[in-house]
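Data block for model_8.cif (mmCIF, C-alpha atoms):
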```
data_model
loop_
_atom_site.group_PDB
_atom_site.id
_atom_site.type_symbol
_atom_site.label_atom_id
_atom_site.label_comp_id
_atom_site.auth_asym_id
_atom_site.auth_seq_id
_atom_site.Cartn_x
_atom_site.Cartn_y
_atom_site.Cartn_z
ATOM 1 C CA MET A 726 0.000 0.000 0.000
ATOM 2 C CA MET A 727 2.780 2.415 0.842
ATOM 3 C CA ALA A 728 4.342 1.649 -2.527
ATOM 4 C CA TYR A 729 1.109 2.675 -4.251
ATOM 5 C CA ILE A 730 1.014 5.941 -2.315
ATOM 6 C CA ARG A 731 4.656 6.730 -3.023
ATOM 7 C CA ALA A 732 4.001 6.007 -6.714
ATOM 8 C CA GLU A 733 0.923 8.268 -6.575
ATOM 9 C CA ARG A 734 -1.308 5.326 -7.502
ATOM 10 C CA TYR A 735 -4.018 6.434 -5.105
ATOM 11 C CA GLU A 736 -6.882 4.394 -6.561
ATOM 12 C CA ASP A 737 -4.807 1.219 -6.118
ATOM 13 C CA ALA A 738 -4.015 2.232 -2.538
ATOM 14 C CA ILE A 739 -7.706 2.864 -1.867
ATOM 15 C CA SER A 740 -8.695 -0.530 -3.263
ATOM 16 C CA THR A 741 -6.110 -2.257 -1.115
ATOM 17 C CA PHE A 742 -7.109 -0.426 2.064
ATOM 18 C CA GLU A 743 -10.810 -1.091 1.424
ATOM 19 C CA ASP A 744 -10.201 -4.771 0.675
ATOM 20 C CA LEU A 745 -8.150 -5.284 3.829
ATOM 21 C CA ASP A 746 -10.416 -3.147 6.041
ATOM 22 C CA TYR A 747 -7.593 -1.895 8.290
ATOM 23 C CA GLU A 748 -8.615 -0.224 11.529
ATOM 24 C CA THR A 749 -5.275 1.147 12.724
ATOM 25 C CA LEU A 750 -4.888 4.922 12.952
ATOM 26 C CA ASN A 751 -2.085 5.005 10.380
ATOM 27 C CA ALA A 752 -4.087 2.984 7.880
ATOM 28 C CA GLN A 753 -7.124 5.204 8.387
ATOM 29 C CA LEU A 754 -5.025 8.351 7.861
ATOM 30 C CA LEU A 755 -3.464 6.932 4.732
ATOM 31 C CA LEU A 756 -6.904 6.088 3.391
ATOM 32 C CA VAL A 757 -8.048 9.674 4.028
ATOM 33 C CA ALA A 758 -4.980 10.999 2.203
ATOM 34 C CA SER A 759 -5.471 8.589 -0.694
ATOM 35 C CA TYR A 760 -9.108 9.590 -1.126
ATOM 36 C CA ALA A 761 -8.174 13.274 -1.043
ATOM 37 C CA HIS A 762 -5.305 12.900 -3.507
ATOM 38 C CA ALA A 763 -7.573 10.926 -5.822
ATOM 39 C CA GLY A 764 -10.067 13.811 -5.790
ATOM 40 C CA ARG A 765 -12.652 11.835 -3.843
ATOM 41 C CA GLN A 766 -13.362 14.602 -1.316
ATOM 42 C CA GLU A 767 -16.667 13.331 0.066
ATOM 43 C CA GLU A 768 -15.158 9.914 0.778
ATOM 44 C CA ALA A 769 -12.136 11.636 2.336
ATOM 45 C CA ARG A 770 -14.447 13.605 4.635
ATOM 46 C CA THR A 771 -16.323 10.451 5.618
ATOM 47 C CA ALA A 772 -13.077 8.597 6.319
ATOM 48 C CA ALA A 773 -11.740 11.590 8.303
ATOM 49 C CA ALA A 774 -14.908 11.592 10.394
ATOM 50 C CA ARG A 775 -14.329 7.887 11.124
ATOM 51 C CA VAL A 776 -10.778 8.718 12.263
ATOM 52 C CA LEU A 777 -12.094 11.270 14.732
ATOM 53 C CA GLU A 778 -14.868 8.944 15.860
ATOM 54 C CA SER A 779 -12.553 6.008 16.538
ATOM 55 C CA HIS A 780 -9.670 8.157 17.847
ATOM 56 C CA PRO A 781 -11.285 11.129 19.637
ATOM 57 C CA ASP A 782 -7.950 12.272 21.093
ATOM 58 C CA PHE A 783 -6.305 12.457 17.669
ATOM 59 C CA ARG A 784 -4.688 15.813 16.930
ATOM 60 C CA VAL A 785 -3.085 16.778 13.655
ATOM 61 C CA SER A 786 -0.477 18.845 15.505
ATOM 62 C CA GLY A 787 0.698 15.805 17.447
ATOM 63 C CA ARG A 788 1.038 13.724 14.315
ATOM 64 C CA LEU A 789 2.951 16.438 12.477
ATOM 65 C CA ALA A 790 5.302 16.816 15.449
ATOM 66 C CA LEU A 791 5.958 13.063 15.324
ATOM 67 C CA SER A 792 6.799 13.270 11.630
ATOM 68 C CA ILE A 793 9.432 15.928 12.326
ATOM 69 C CA ARG A 794 11.097 13.714 14.936
ATOM 70 C CA LYS A 795 10.723 10.585 12.781
ATOM 71 C CA PRO A 796 10.967 11.548 9.099
ATOM 72 C CA ARG A 797 9.957 8.056 7.974
ATOM 73 C CA LYS A 798 6.477 8.953 9.203
ATOM 74 C CA SER A 799 6.164 11.637 6.506
ATOM 75 C CA ILE A 800 3.466 9.708 4.623
ATOM 76 C CA CYS A 801 1.243 9.922 7.696
ATOM 77 C CA ALA A 802 2.110 13.609 7.945
ATOM 78 C CA MET A 803 0.781 13.970 4.411
ATOM 79 C CA ALA A 804 -2.440 12.358 5.593
ATOM 80 C CA CYS A 805 -2.603 14.797 8.484
ATOM 81 C CA ALA A 806 -2.154 17.697 6.137
ATOM 82 C CA ARG A 807 -5.098 16.390 4.164
ATOM 83 C CA LEU A 808 -7.139 16.279 7.360
ATOM 84 C CA VAL A 809 -6.250 19.915 7.975
ATOM 85 C CA CYS A 810 -7.665 20.701 4.532
ATOM 86 C CA LEU A 811 -10.907 19.127 5.715
ATOM 87 C CA SER A 812 -10.920 21.752 8.456
ATOM 88 C CA GLU A 813 -14.480 21.313 9.608
ATOM 89 C CA LEU A 814 -13.437 17.896 10.911
ATOM 90 C CA VAL A 815 -10.307 18.976 12.798
#
```

Mind turning this structure into structure tokens?
Amino acid sequence: MMAYIRAERYEDAISTFEDLDYETLNAQLLLVASYAHAGRQEEARTAAARVLESHPDFRVSGRLALSIRKPRKSICAMACARLVCLSELV
């Protein structure tokens, strides 16, 4: 899945995430980012709402701070940035 995202093959990433039905926070954030990058804004908003519902303490600022300390987490930081763009959910 990460390979699809890095290759900007967002529809393939979405299909994989949906098929596997991941529930981890990282997987949910990556799905949000993939939807948004693929231009599927309504699905991105729905997925972002699920993130906040299942992880009520989630904060974009905390995730971005983690990505600065651990650059390998930059893909999740991209997802967080997408969540910021969906500002009514943050």

Exercise. From the list A:Gly787, A:Met727, A:Ala732, A:Ile739, which residue is nearest A:Val757 when using all atoms listed in the file?
Worked result: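 Distance minimum relative to A:Val757 lands on A:Ile739.
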
Exercise. Between A:Glu736, A:Asp746, A:Glu778, A:Phe783, which has the minimum distance to A:His762 (counting all atoms listed in the file)?
Worked result: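 Ranking A:Glu736, A:Asp746, A:Glu778, A:Phe783 by distance to A:His762, first place goes to A:Glu736.
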
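The environment of A:Leu750 within 10 Å, counting only C-alpha atoms and disregarding residues fewer than 6 places along the same chain, consists of Leu756, Val776, Leu777, Ser779, His780, Phe783 and Cys801 of chain A.
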
Problem set entry | Nearest to A:Leu755, chosen from A:Glu767, A:Ser740, A:Met726, A:Pro781, with all atoms listed in the file counted in the distances |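 Among the listed residues, the smallest separation from A:Leu755 belongs to A:Met726.
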
Problem set entry | Point-to-point distance from atom CA of A:Ala772 to atom CA of A:Glu748, Å rounded to tenths |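 Spanning atom CA of A:Ala772 to atom CA of A:Glu748 is a straight-line distance of 11.2 Å.
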
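Interatomic distance, atom CA of A:Arg765 against atom CA of A:Ser786: 23.9 Å.
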
Exercise. What does the distance from atom CA of A:Ala763 to atom CA of A:Val785 come to in Å, to one decimal?
Worked result: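 Rounded to one decimal, the two atoms are 20.8 Å apart.
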
Given 4 Å on each side, where is the centre and what are the edge lengths in Å to one decimal of the axis-aligned box enclosing the listed atoms of stretch 744-752 of chain A, as AutoDock Vina command-line options?
```
--center_x -6.3 --center_y -0.1 --center_z 6.8 --size_x 16.3 --size_y 18.3 --size_z 20.3
```

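Using all atoms listed in the file, the shortest contact distance between A:Ile730 and any of A:Arg775, A:Thr749, A:Ser759, A:Phe742 is found at A:Ser759.
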